[in-house]
Amino acid sequence: MKEKIEEYLKQINKVKASEHERLKEDLLIHISFYQHERLIHLLVTITFALLTFFSLYFLVIMPSIAITILFVIFLIMLTFYIKHYYFLENNVQKLYQIYDVLTKTKL
């Protein structure tokens with residue numbers, strides 16, 4: 001997904017002024033896809049955050065190696081999901097800004 005968004009942002013920068021109307025329609029479609037992707041990753045991130053906190057809670061209550069390993073796995077997964085969600089959020093915001101510029105531009 002990361003490469004796909006970066007490639008799309010590069011394509012947008014190459015578009016000529018005469019193609020702005022077509023770009024606006026295409027941009028709206030891509031924004032809706034990325035919004036859906038962002039929502040799914042938000043739900044997954046929240047789920048892993050809850051699992052991480054629950055495993056930490058159980059680790060404090062009844063320490064064991066199995067729960068420690070589970071906590072570390074959840075923590076690592078949560079870190080990567082937060083990093084990916086941060087990327088998605090920032091790039092969707094860039095797409096919003098590009099769309100705003102295109103709608104304010106008079107041809």
# chains A, B, ... in the order shown; residues from 1 in each chain; ligands from 1
>>> residues_around(residues="Met77 of chain A", least_positions_apart="4", cutoff="10 Å", atoms="only C-alpha atoms", output="PyMOL selection string")
chain A and resi 45+48-49+52+71-73+81-83
>>> residues_around(residues="Ser55 of chain A", least_positions_apart="2", cutoff="12 Å", atoms="only C-alpha atoms", output="list in words")
Phe48, Ala49, Leu50, Leu51, Thr52, Phe53, Tyr57, Phe58, Leu59, Val60, Ile61, Met62, Pro63, Ser64, Ile65, Ala66, Ile67, Thr68, Ile69, Leu70, Phe71, Val72, Ile73, Phe74 and Leu75 of chain A
>>> residues_around(residues="segment 35-41 of chain A", least_positions_apart="6", cutoff="12 Å", atoms="only C-alpha atoms", output="ChimeraX atom specification")
/A:1-2,5,27-29,47-49,78,80-93,95-96
>>> closest_residue(among="A:Leu56, A:Asp26, A:Ile46, A:Thr79", to="Ile12 of chain A", atoms="only C-alpha atoms")
A:Asp26
